[in-house]
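Next up, start-v9.txt (compact mmCIF, C-alpha atoms):
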# COMPACT_ATOMS: atom_id res chain seq x y z
CA MET A 1 16.58 8.93 -51.26
CA LEU A 2 20.02 7.95 -50.00
CA PHE A 3 22.62 9.76 -47.95
CA ILE A 4 26.01 9.51 -49.64
CA LYS A 5 29.25 10.69 -48.02
CA VAL A 6 31.18 13.26 -50.02
CA ASP A 7 34.07 10.86 -50.68
CA ASP A 8 31.63 8.34 -52.22
CA LEU A 9 29.95 10.75 -54.66
CA LYS A 10 30.17 9.79 -58.31
CA ALA A 11 29.51 11.62 -61.56
CA GLY A 12 25.95 11.02 -62.77
CA MET A 13 24.34 10.88 -59.31
CA ARG A 14 21.26 13.11 -58.97
CA LEU A 15 20.84 15.57 -56.13
CA GLY A 16 17.89 15.04 -53.79
CA LYS A 17 18.15 18.49 -52.24
CA PRO A 18 19.35 21.85 -53.58
CA ILE A 19 22.71 23.36 -52.67
CA TYR A 20 23.04 27.10 -51.94
CA ASN A 21 26.01 29.34 -51.26
CA LYS A 22 26.32 31.63 -48.22
CA ASN A 23 24.32 34.36 -49.98
CA GLY A 24 21.41 32.04 -50.69
CA VAL A 25 22.20 31.77 -54.40
CA LEU A 26 21.22 28.41 -55.88
CA LEU A 27 24.31 26.52 -57.04
CA TYR A 28 22.84 23.11 -57.82
CA ASP A 29 19.11 22.37 -58.01
CA ARG A 30 17.36 19.13 -57.11
CA ASP A 31 17.61 16.42 -59.75
CA THR A 32 20.87 17.90 -61.05
CA LYS A 33 23.31 15.26 -62.29
CA LEU A 34 26.67 15.66 -60.62
CA THR A 35 29.77 16.13 -62.75
CA THR A 36 33.36 15.50 -61.68
CA GLN A 37 33.91 19.24 -61.50
CA ALA A 38 30.79 19.74 -59.37
CA ILE A 39 31.89 17.02 -56.94
CA TYR A 40 35.27 18.71 -56.57
CA GLY A 41 33.58 22.03 -55.79
CA ILE A 42 31.15 20.43 -53.31
CA LYS A 43 34.04 18.90 -51.37
CA ASN A 44 35.35 22.43 -50.79
CA PHE A 45 32.05 23.44 -49.11
CA GLY A 46 32.89 21.35 -46.04
CA LEU A 47 29.80 19.17 -46.43
CA MET A 48 30.01 15.64 -45.01
CA GLY A 49 27.58 14.25 -47.57
CA LEU A 50 24.56 14.82 -49.79
CA TYR A 51 21.09 13.40 -50.27
CA ILE A 52 21.07 11.52 -53.58
CA LEU A 53 18.05 10.27 -55.50
CA GLU A 54 17.93 6.59 -56.34
CA PRO A 55 18.15 5.80 -60.09
CA ALA A 56 14.38 5.55 -60.74
CA GLU A 57 13.26 7.92 -57.96
CA PRO A 58 11.52 11.14 -59.01
CA ALA A 59 12.56 14.38 -57.32
CA PRO A 60 10.21 15.09 -54.38
CA LYS A 61 7.94 18.07 -54.79
CA LEU A 62 8.76 21.06 -52.61
CA THR A 63 6.59 24.03 -51.78
CA GLU A 64 7.93 27.56 -52.07
CA GLU A 65 7.98 27.64 -48.26
CA ASP A 66 10.16 24.49 -48.14
CA ILE A 67 12.59 25.98 -50.66
CA ASN A 68 12.82 29.28 -48.80
CA PHE A 69 13.34 27.47 -45.47
CA GLU A 70 16.32 25.50 -46.80
CA ARG A 71 17.80 28.57 -48.48
CA PHE A 72 17.46 30.59 -45.29
CA GLN A 73 19.07 27.87 -43.15
CA THR A 74 22.12 27.81 -45.43
CA MET A 75 22.55 31.58 -45.33
CA ALA A 76 21.99 31.70 -41.57
CA VAL A 77 24.57 29.01 -40.79
CA PHE A 78 27.28 30.89 -42.68
CA SER A 79 26.30 34.07 -40.83
CA ILE A 80 26.16 32.61 -37.31
CA ARG A 81 29.45 30.76 -37.85
CA GLU A 82 31.26 34.03 -38.51
CA ASP A 83 29.56 35.81 -35.60
CA LEU A 84 30.19 33.11 -32.99
CA GLU A 85 33.83 32.84 -34.01
CA LEU A 86 34.19 36.62 -33.61
CA LEU A 87 32.51 36.65 -30.20
CA ASN A 88 34.63 33.78 -28.90
CA SER A 89 37.77 35.63 -29.95
CA GLY A 90 36.67 38.70 -27.99
CA LYS A 91 35.51 40.71 -31.01
CA ARG A 92 32.13 42.18 -31.84
CA ASP A 93 29.78 40.26 -34.10
CA LYS A 94 28.84 41.56 -37.54
CA GLY A 95 25.38 40.18 -38.15
CA ILE A 96 23.56 38.96 -35.00
CA GLU A 97 21.06 41.83 -35.16
CA TRP A 98 20.44 41.25 -38.87
CA LEU A 99 19.96 37.53 -38.34
CA CYS A 100 17.72 38.04 -35.31
CA ASN A 101 15.45 40.45 -37.20
CA LEU A 102 15.29 38.12 -40.21
CA ILE A 103 14.27 35.13 -38.09
CA ILE A 104 11.52 37.18 -36.43
CA LYS A 105 10.28 38.46 -39.78
CA ASN A 106 10.16 34.99 -41.33
CA TYR A 107 8.96 32.78 -38.47
CA ALA A 108 7.30 34.77 -35.67
CA ASN A 109 3.61 35.65 -35.74
CA LYS A 110 2.82 33.43 -38.73
CA LYS A 111 -0.84 32.57 -39.11
CA ASP A 112 -0.13 29.12 -40.57
CA LYS A 113 2.06 26.38 -39.16
CA ILE A 114 5.49 25.84 -40.69
CA THR A 115 7.18 22.59 -41.67
CA PHE A 116 10.29 22.63 -39.50
CA ILE A 117 12.98 20.78 -41.45
CA GLN A 118 16.11 19.46 -39.77
CA SER A 119 19.24 19.24 -41.92
CA LEU A 120 22.01 16.72 -41.35
CA ARG A 121 24.84 18.07 -39.23
CA SER A 122 28.39 16.97 -38.57
CA THR A 123 30.64 17.60 -35.56
CA ASP A 124 32.05 20.64 -37.43
CA ASP A 125 28.78 22.48 -37.96
CA PHE A 126 26.66 21.04 -35.12
CA TRP A 127 26.54 24.18 -32.97
CA TYR A 128 25.92 26.61 -35.80
CA LYS A 129 22.93 24.64 -37.10
CA HIS A 130 21.75 24.04 -33.54
CA SER A 131 21.75 27.77 -32.75
CA ILE A 132 19.82 28.67 -35.89
CA SER A 133 17.23 25.93 -35.41
CA VAL A 134 16.64 26.78 -31.74
CA ALA A 135 16.26 30.48 -32.62
CA ILE A 136 13.65 29.63 -35.27
CA LEU A 137 11.71 27.46 -32.81
CA VAL A 138 11.88 30.18 -30.14
CA ALA A 139 10.50 32.71 -32.65
CA ILE A 140 7.63 30.33 -33.48
CA ILE A 141 6.80 29.66 -29.81
CA ALA A 142 7.08 33.28 -28.68
CA GLY A 143 4.98 34.38 -31.65
CA LYS A 144 2.22 31.92 -30.74
CA MET A 145 2.38 33.19 -27.15
CA SER A 146 1.92 36.78 -28.41
CA MET A 147 5.13 38.09 -26.88
CA PRO A 148 5.65 41.86 -27.32
CA PRO A 149 8.26 42.83 -29.97
CA ALA A 150 11.04 43.83 -27.56
CA ARG A 151 10.76 40.61 -25.58
CA LEU A 152 10.51 38.51 -28.76
CA HIS A 153 13.70 40.12 -30.05
CA MET A 154 15.52 39.43 -26.78
CA LEU A 155 14.42 35.79 -26.78
CA VAL A 156 15.55 35.11 -30.35
CA LYS A 157 18.91 36.75 -29.72
CA ALA A 158 19.32 34.73 -26.51
CA ALA A 159 18.56 31.57 -28.53
CA LEU A 160 21.23 32.45 -31.09
CA LEU A 161 23.78 32.95 -28.29
CA HIS A 162 22.72 30.39 -25.66
CA ASP A 163 25.49 27.90 -26.53
CA CYS A 164 27.91 30.44 -28.03
CA GLY A 165 30.87 29.04 -26.09
CA ALA A 166 30.40 25.49 -27.37
CA ILE A 167 32.60 26.02 -30.43
CA SER A 168 35.60 26.49 -28.12
CA VAL A 169 34.96 23.26 -26.18
CA PRO A 170 36.77 20.16 -27.56
CA SER A 171 34.55 17.14 -28.30
CA ALA A 172 31.38 19.23 -27.83
CA GLY A 173 30.14 18.33 -31.30
CA TYR A 174 29.61 14.64 -30.55
CA ALA A 175 29.36 14.42 -26.76
CA GLU A 176 27.03 17.28 -25.95
CA ASP A 177 25.11 15.21 -23.37
CA ASP A 178 28.20 14.40 -21.30
CA PRO A 179 27.89 16.19 -17.90
CA ASP A 180 31.45 17.51 -18.07
CA ILE A 181 30.95 18.78 -21.62
CA LYS A 182 27.64 20.42 -20.63
CA ALA A 183 29.34 22.19 -17.71
CA ALA A 184 32.20 23.33 -19.94
CA ILE A 185 29.78 24.71 -22.55
CA ARG A 186 27.87 26.58 -19.84
CA LYS A 187 31.07 28.10 -18.45
CA ALA A 188 32.42 29.11 -21.87
CA SER A 189 29.07 30.55 -23.03
CA LEU A 190 28.51 32.66 -19.91
CA GLU A 191 32.10 33.91 -20.01
CA THR A 192 31.66 34.97 -23.63
CA LEU A 193 28.37 36.76 -22.92
CA SER A 194 29.75 38.51 -19.84
CA SER A 195 32.47 40.02 -22.03
CA PHE A 196 29.83 42.02 -23.90
CA SER A 197 27.78 43.87 -21.31
CA ASP A 198 25.91 45.82 -23.99
CA LEU A 199 24.11 42.61 -25.04
CA GLY A 200 21.80 43.24 -22.11
CA GLU A 201 21.10 41.77 -18.70
CA ASP A 202 17.93 40.01 -19.89
CA ILE A 203 19.85 37.94 -22.44
CA TYR A 204 22.50 36.94 -19.90
CA ARG A 205 19.83 36.09 -17.30
CA THR A 206 17.81 34.01 -19.78
CA VAL A 207 20.86 32.05 -20.92
CA LEU A 208 21.97 31.57 -17.30
CA PHE A 209 18.56 30.18 -16.28
CA TYR A 210 18.45 28.00 -19.39
CA HIS A 211 21.77 26.36 -18.48
CA GLU A 212 20.57 25.79 -14.93
CA LEU A 213 17.60 23.93 -16.39
CA TYR A 214 19.76 22.01 -18.86
CA LEU A 215 22.27 20.98 -16.19
CA GLY A 216 19.70 20.41 -13.43
CA GLU A 217 18.79 17.01 -12.06
CA ASP A 218 16.68 18.03 -9.03
CA THR A 219 13.08 17.98 -10.28
CA LYS A 220 11.88 20.41 -7.61
CA ASN A 221 14.54 22.98 -8.49
CA ILE A 222 13.77 22.54 -12.20
CA THR A 223 10.04 23.05 -11.60
CA ASP A 224 10.70 26.19 -9.54
CA ALA A 225 13.02 27.57 -12.22
CA VAL A 226 10.52 26.90 -15.01
CA LYS A 227 7.78 28.69 -13.07
CA SER A 228 10.02 31.65 -12.19
CA ASP A 229 11.31 32.46 -15.67
CA VAL A 230 9.12 31.85 -18.73
CA ASN A 231 11.86 33.19 -21.02
CA ALA A 232 14.21 30.39 -19.98
CA ALA A 233 11.32 27.91 -20.15
CA ILE A 234 10.71 28.84 -23.80
CA LEU A 235 14.40 28.50 -24.66
CA TYR A 236 14.59 25.20 -22.76
CA VAL A 237 11.64 23.64 -24.63
CA ALA A 238 12.91 24.82 -28.02
CA ASP A 239 16.40 23.49 -27.27
CA ALA A 240 15.11 20.12 -26.03
CA TYR A 241 12.88 19.58 -29.07
CA GLU A 242 15.68 20.61 -31.42
CA ARG A 243 18.22 18.27 -29.84
CA MET A 244 15.84 15.31 -29.93
CA THR A 245 14.89 15.76 -33.60
CA ALA A 246 18.33 16.82 -34.89
CA MET A 247 19.79 14.72 -37.70
CA LYS A 248 23.23 13.85 -36.35
CA SER A 249 25.93 11.84 -38.04
CA TYR A 250 26.34 9.49 -35.06
CA GLU A 251 22.78 8.65 -33.97
CA GLU A 252 19.21 8.38 -35.22
CA PRO A 253 16.95 11.38 -34.52
CA THR A 254 13.79 11.10 -32.45
CA SER A 255 10.66 11.56 -34.55
CA GLU A 256 8.69 14.78 -34.14
CA ILE A 257 5.72 12.96 -32.60
CA LEU A 258 7.82 11.10 -30.00
CA ALA A 259 9.73 14.30 -29.16
CA LEU A 260 6.47 16.16 -28.47
CA LYS A 261 5.12 13.24 -26.42
CA THR A 262 8.33 13.31 -24.35
CA LEU A 263 7.91 17.01 -23.65
CA LEU A 264 4.23 16.66 -22.73
CA ALA A 265 4.92 13.68 -20.46
CA ASP A 266 7.12 15.78 -18.15
CA PRO A 267 5.19 18.98 -17.30
CA ASP A 268 7.41 19.70 -14.28
CA ARG A 269 10.43 20.02 -16.56
CA TYR A 270 8.81 21.37 -19.74
CA ASP A 271 6.17 24.08 -19.34
CA PRO A 272 2.94 22.67 -20.91
CA VAL A 273 1.87 26.12 -22.14
CA VAL A 274 5.16 26.52 -23.98
CA VAL A 275 4.97 23.00 -25.44
CA GLN A 276 1.43 23.67 -26.68
CA ALA A 277 2.63 26.87 -28.35
CA LEU A 278 5.27 24.80 -30.14
CA ILE A 279 2.60 22.29 -31.26
CA ASN A 280 0.46 25.17 -32.53
CA GLY A 281 3.32 26.49 -34.64
CA ILE A 282 4.74 23.47 -36.49
CA ASN A 283 3.36 20.83 -38.83
CA VAL A 284 3.57 17.32 -37.38
CA LEU A 285 0.68 15.02 -38.36
CA TYR A 286 -0.63 16.64 -41.53
CA PRO A 287 -2.03 15.12 -44.77
CA GLY A 288 0.58 13.00 -46.52
CA VAL A 289 2.51 11.86 -43.44
CA CYS A 290 2.80 8.09 -43.03
CA VAL A 291 2.23 6.77 -39.51
CA GLU A 292 2.08 3.57 -37.49
CA LEU A 293 -0.94 3.10 -35.23
CA THR A 294 -1.50 0.80 -32.28
CA GLY A 295 -1.54 -2.85 -33.41
CA ARG A 296 1.10 -2.18 -36.08
CA ILE A 297 -1.49 -0.64 -38.38
CA LYS A 298 0.31 1.45 -40.97
CA GLY A 299 -1.46 4.26 -42.74
CA LEU A 300 -1.57 7.74 -44.20
CA VAL A 301 -2.77 10.90 -42.47
CA ILE A 302 -5.57 12.31 -44.63
CA ALA A 303 -6.82 15.09 -42.35
CA GLU A 304 -5.18 17.01 -39.52
CA ASN A 305 -6.92 17.45 -36.19
CA TYR A 306 -6.45 21.09 -35.23
CA LEU A 307 -7.85 20.56 -31.72
CA ASP A 308 -5.66 17.55 -30.90
CA VAL A 309 -2.65 17.05 -33.17
CA PHE A 310 -2.23 13.45 -31.95
CA LYS A 311 -5.66 12.37 -33.22
CA PRO A 312 -5.81 12.88 -36.99
CA TRP A 313 -7.81 10.93 -39.57
CA VAL A 314 -5.74 8.03 -40.91
CA LEU A 315 -6.27 5.80 -43.96
CA SER A 316 -5.04 2.24 -43.35
CA PHE A 317 -2.77 0.80 -46.05
CA MET A 318 -3.94 -2.74 -45.33
CA ASP A 319 -7.70 -2.44 -45.87
CA ASN A 320 -8.41 1.19 -46.85
CA LYS A 321 -10.25 1.67 -43.57
CA VAL A 322 -10.41 5.26 -42.32
CA TYR A 323 -9.66 5.76 -38.62
CA ASP A 324 -11.03 8.88 -36.92
CA LEU A 325 -8.89 8.80 -33.79
CA THR A 326 -11.32 11.11 -31.99
CA SER A 327 -14.16 8.64 -32.42
CA PRO A 328 -15.25 6.25 -29.62
CA ALA A 329 -14.98 3.48 -32.22
CA ALA A 330 -11.22 4.11 -32.35
CA ARG A 331 -10.76 3.94 -28.58
CA GLY A 332 -7.40 2.35 -27.80
CA VAL A 333 -5.98 3.19 -31.24
CA GLU A 334 -3.40 5.96 -31.32
CA VAL A 335 -0.44 7.15 -33.34
CA VAL A 336 2.62 5.24 -32.15
CA ASP A 337 5.14 6.98 -34.38
CA ILE A 338 5.80 8.56 -37.74
CA MET A 339 7.17 6.34 -40.51
CA LYS A 340 10.26 8.30 -41.39
CA THR A 341 11.78 8.66 -44.83
CA MET A 342 14.93 10.52 -45.83
CA ASP A 343 12.69 13.42 -46.81
CA ASN A 344 9.39 13.42 -44.91
CA ARG A 345 7.75 16.18 -46.97
CA ILE A 346 5.61 13.86 -49.08
CA LYS A 347 3.33 15.71 -51.48
CA LEU A 348 0.21 13.91 -52.65
CA ASP A 349 -2.36 14.72 -55.30
CA PRO A 350 -5.01 16.88 -53.53
CA ASP A 351 -7.78 15.17 -55.52
CA LEU A 352 -6.62 11.79 -54.21
CA LEU A 353 -6.66 13.04 -50.63
CA ASN A 354 -10.12 14.52 -51.10
CA GLU A 355 -11.51 11.08 -52.02
CA TYR A 356 -10.85 9.91 -48.48
CA ARG A 357 -10.98 13.16 -46.52
CA PRO A 358 -13.84 13.27 -43.98
CA VAL A 359 -16.69 15.65 -44.79
Encoded form (structure tokens):
Amino acid sequence: MLFIKVDDLKAGMRLGKPIYNKNGVLLYDRDTKLTTQAIYGIKNFGLMGLYILEPAEPAPKLTEEDINFERFQTMAVFSIREDLELLNSGKRDKGIEWLCNLIIKNYANKKDKITFIQSLRSTDDFWYKHSISVAILVAIIAGKMSMPPARLHMLVKAALLHDCGAISVPSAGYAEDDPDIKAAIRKASLETLSSFSDLGEDIYRTVLFYHELYLGEDTKNITDAVKSDVNAAILYVADAYERMTAMKSYEEPTSEILALKTLLADPDRYDPVVVQALINGINVLYPGVCVELTGRIKGLVIAENYLDVFKPWVLSFMDNKVYDLTSPAARGVEVVDIMKTMDNRIKLDPDLLNEYRPV
């Protein structure tokens, strides 16, 4: 699968991912051959590019959950764009409550893990996609931590609004890690939230503490803040994971496994209980994912380890050897990273997996 900029699209190219409108209506399905008219219409959507299948590449299989996730993300981005623009102009939003309730309904308190899919973002839509993705992750984490409904609702709404002032800060879309830009986003976001007192003191407090964590450099102060406000700690972990794994137009994303290892390696900054709740809620090393092990061994995950996500069963490509990373025989062998593809949701024949799956 290739990423092709909009200006380089040509008639006859096949779509690798579906395209939806703001109401979630399917406009172009996967494997659709683009026409000149379709390309003209796509350019009006404001997209920077599309995923295109190579000439002999079959369309990747998607589950119903994958399809619904992508459809929801498209609808949500259109919705949050309108709401954040209204709030930054001093007007009331139209759909924050609707969007908050929908995120909770779809992603909080789910029994199974979800496959959290990052979509490519440009400088124009960075903050809208960021807000939606962080809110989804917060819902997943808070759900796994059994937060009561009122608190869960507050957290998701705070996640949707935590960087609400960013759209009014020049250069924020491609320099979000610059200290001056971070300070400007904090100032603009808190000013916007303070204009709407009916949003609630808890939301303002959570966003305020989050920005103190995000801007902080003193480890002791960060540790104290994390311990004093679990709401901000949840938002901080969700935001950090989302930023690391985001598919930006100007840099490579960090893989899911390396992002989680980064969070776990700094328990003073990232609350370990919150990070574990995140791990419990998303698919990372599940059957079908290609990985690289210690010693440059490349293989395929054939069974997930529900007790320790970092120690699955892996089938080596080189010699068909199965590695049980929990076994003493595999001491010193660990997952170094995920072998990324343009679309990491590889679907394999269940019968094939069962041939190698441990009993």
Do you have, as JSON lines, the list of residues of stretch 69-139 of chain A lying at most 9 Å from stretch 191-209 of chain A, each with its nearest atom pair and that distance in Å to one decimal, counting all atoms listed in the file and ordered by chain then number?
{"residue": "A:Leu87", "atom": "CA", "partner": "A:Thr192", "partner_atom": "CA", "distance": 6.8}
{"residue": "A:Asn88", "atom": "CA", "partner": "A:Thr192", "partner_atom": "CA", "distance": 6.2}
{"residue": "A:Ser89", "atom": "CA", "partner": "A:Thr192", "partner_atom": "CA", "distance": 8.8}
{"residue": "A:Gly90", "atom": "CA", "partner": "A:Ser195", "partner_atom": "CA", "distance": 7.4}
{"residue": "A:Arg92", "atom": "CA", "partner": "A:Phe196", "partner_atom": "CA", "distance": 8.3}
Residue contacts of A:Ala135 (12 Å, all atoms listed in the file) excluding same-chain residues fewer than 3 positions away, as number ranges by chain: A: 73, 76-77, 80, 96, 99-104, 106-108, 128-132, 138-143, 152-163, 234-239, 241-242
Would you write out those residues with C-alpha atoms, as a PDB file, keeping the file's coordinate frame?
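Result went into result.pdb, see below:
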ATOM      1  CA  GLN A  73      19.070  27.870 -43.150  1.00  0.00           C
ATOM      2  CA  ALA A  76      21.990  31.700 -41.570  1.00  0.00           C
ATOM      3  CA  VAL A  77      24.570  29.010 -40.790  1.00  0.00           C
ATOM      4  CA  ILE A  80      26.160  32.610 -37.310  1.00  0.00           C
ATOM      5  CA  ILE A  96      23.560  38.960 -35.000  1.00  0.00           C
ATOM      6  CA  LEU A  99      19.960  37.530 -38.340  1.00  0.00           C
ATOM      7  CA  CYS A 100      17.720  38.040 -35.310  1.00  0.00           C
ATOM      8  CA  ASN A 101      15.450  40.450 -37.200  1.00  0.00           C
ATOM      9  CA  LEU A 102      15.290  38.120 -40.210  1.00  0.00           C
ATOM     10  CA  ILE A 103      14.270  35.130 -38.090  1.00  0.00           C
ATOM     11  CA  ILE A 104      11.520  37.180 -36.430  1.00  0.00           C
ATOM     12  CA  ASN A 106      10.160  34.990 -41.330  1.00  0.00           C
ATOM     13  CA  TYR A 107       8.960  32.780 -38.470  1.00  0.00           C
ATOM     14  CA  ALA A 108       7.300  34.770 -35.670  1.00  0.00           C
ATOM     15  CA  TYR A 128      25.920  26.610 -35.800  1.00  0.00           C
ATOM     16  CA  LYS A 129      22.930  24.640 -37.100  1.00  0.00           C
ATOM     17  CA  HIS A 130      21.750  24.040 -33.540  1.00  0.00           C
ATOM     18  CA  SER A 131      21.750  27.770 -32.750  1.00  0.00           C
ATOM     19  CA  ILE A 132      19.820  28.670 -35.890  1.00  0.00           C
ATOM     20  CA  VAL A 138      11.880  30.180 -30.140  1.00  0.00           C
ATOM     21  CA  ALA A 139      10.500  32.710 -32.650  1.00  0.00           C
ATOM     22  CA  ILE A 140       7.630  30.330 -33.480  1.00  0.00           C
ATOM     23  CA  ILE A 141       6.800  29.660 -29.810  1.00  0.00           C
ATOM     24  CA  ALA A 142       7.080  33.280 -28.680  1.00  0.00           C
ATOM     25  CA  GLY A 143       4.980  34.380 -31.650  1.00  0.00           C
ATOM     26  CA  LEU A 152      10.510  38.510 -28.760  1.00  0.00           C
ATOM     27  CA  HIS A 153      13.700  40.120 -30.050  1.00  0.00           C
ATOM     28  CA  MET A 154      15.520  39.430 -26.780  1.00  0.00           C
ATOM     29  CA  LEU A 155      14.420  35.790 -26.780  1.00  0.00           C
ATOM     30  CA  VAL A 156      15.550  35.110 -30.350  1.00  0.00           C
ATOM     31  CA  LYS A 157      18.910  36.750 -29.720  1.00  0.00           C
ATOM     32  CA  ALA A 158      19.320  34.730 -26.510  1.00  0.00           C
ATOM     33  CA  ALA A 159      18.560  31.570 -28.530  1.00  0.00           C
ATOM     34  CA  LEU A 160      21.230  32.450 -31.090  1.00  0.00           C
ATOM     35  CA  LEU A 161      23.780  32.950 -28.290  1.00  0.00           C
ATOM     36  CA  HIS A 162      22.720  30.390 -25.660  1.00  0.00           C
ATOM     37  CA  ASP A 163      25.490  27.900 -26.530  1.00  0.00           C
ATOM     38  CA  ILE A 234      10.710  28.840 -23.800  1.00  0.00           C
ATOM     39  CA  LEU A 235      14.400  28.500 -24.660  1.00  0.00           C
ATOM     40  CA  TYR A 236      14.590  25.200 -22.760  1.00  0.00           C
ATOM     41  CA  VAL A 237      11.640  23.640 -24.630  1.00  0.00           C
ATOM     42  CA  ALA A 238      12.910  24.820 -28.020  1.00  0.00           C
ATOM     43  CA  ASP A 239      16.400  23.490 -27.270  1.00  0.00           C
ATOM     44  CA  TYR A 241      12.880  19.580 -29.070  1.00  0.00           C
ATOM     45  CA  GLU A 242      15.680  20.610 -31.420  1.00  0.00           C
TER      46      GLU A 242
END
Give as a ChimeraX atom specification each residue that has an atom at most 6 Å from (23.7, 14.3, -62.5) in the file, counting only C-alpha atoms. /A:12-14,32-34
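Using all atoms listed in the file, the shortest contact distance between A:Glu70 and any of A:Ser133, A:Asp112, A:Leu53, A:Pro58 is found at A:Ser133.
Atom pair atom CA of A:Ala303 / atom CA of A:Ser316: separated by 13.0 Å.
Atom CA of A:Thr245 lies 20.7 Å from atom CA of A:Ile167.
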Report the centre and edge lengths, in Å to one decimal, of an axis-aligned box enclosing every atom of stretch 79-92 of chain A listed in the file, padded by 5 Å on each side, as JSON.
{"center_x": 32.0, "center_y": 36.5, "center_z": -34.4, "size_x": 21.6, "size_y": 21.4, "size_z": 22.8}
What is the distance, in Å and to one decimal place, between atom CA of A:Glu292 and atom CA of A:Lys311? 12.5 Å
Would you be able to write out as a list in words which residues have an atom within 9 Å of (29.0, 11.1, -50.0) in the file's coordinates, counting all atoms listed in the file? Phe3, Ile4, Lys5, Val6, Asp7, Asp8, Leu9, Lys10, Leu47, Met48, Gly49, Leu50, Tyr51 and Ile52 of chain A
Keeping C-alpha atoms, export the residues of the selection given above as a short mmCIF file (atom, residue, chain, number, x, y, z; two decimals), in the frame of the given file.
data_model
loop_
_atom_site.label_atom_id
_atom_site.label_comp_id
_atom_site.auth_asym_id
_atom_site.auth_seq_id
_atom_site.Cartn_x
_atom_site.Cartn_y
_atom_site.Cartn_z
CA PHE A 3 22.62 9.76 -47.95
CA ILE A 4 26.01 9.51 -49.64
CA LYS A 5 29.25 10.69 -48.02
CA VAL A 6 31.18 13.26 -50.02
CA ASP A 7 34.07 10.86 -50.68
CA ASP A 8 31.63 8.34 -52.22
CA LEU A 9 29.95 10.75 -54.66
CA LYS A 10 30.17 9.79 -58.31
CA LEU A 47 29.80 19.17 -46.43
CA MET A 48 30.01 15.64 -45.01
CA GLY A 49 27.58 14.25 -47.57
CA LEU A 50 24.56 14.82 -49.79
CA TYR A 51 21.09 13.40 -50.27
CA ILE A 52 21.07 11.52 -53.58
#
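With distances restricted to only C-alpha atoms, A:Met247 is the closest residue to A:Arg121 from A:Leu278, A:Met247, A:Leu300, A:Ala330.
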Taking all atoms listed in the file into account, which of A:Ala246, A:Ile338, A:Ala11, A:Leu120 comes nearest A:Tyr40? A:Ala11
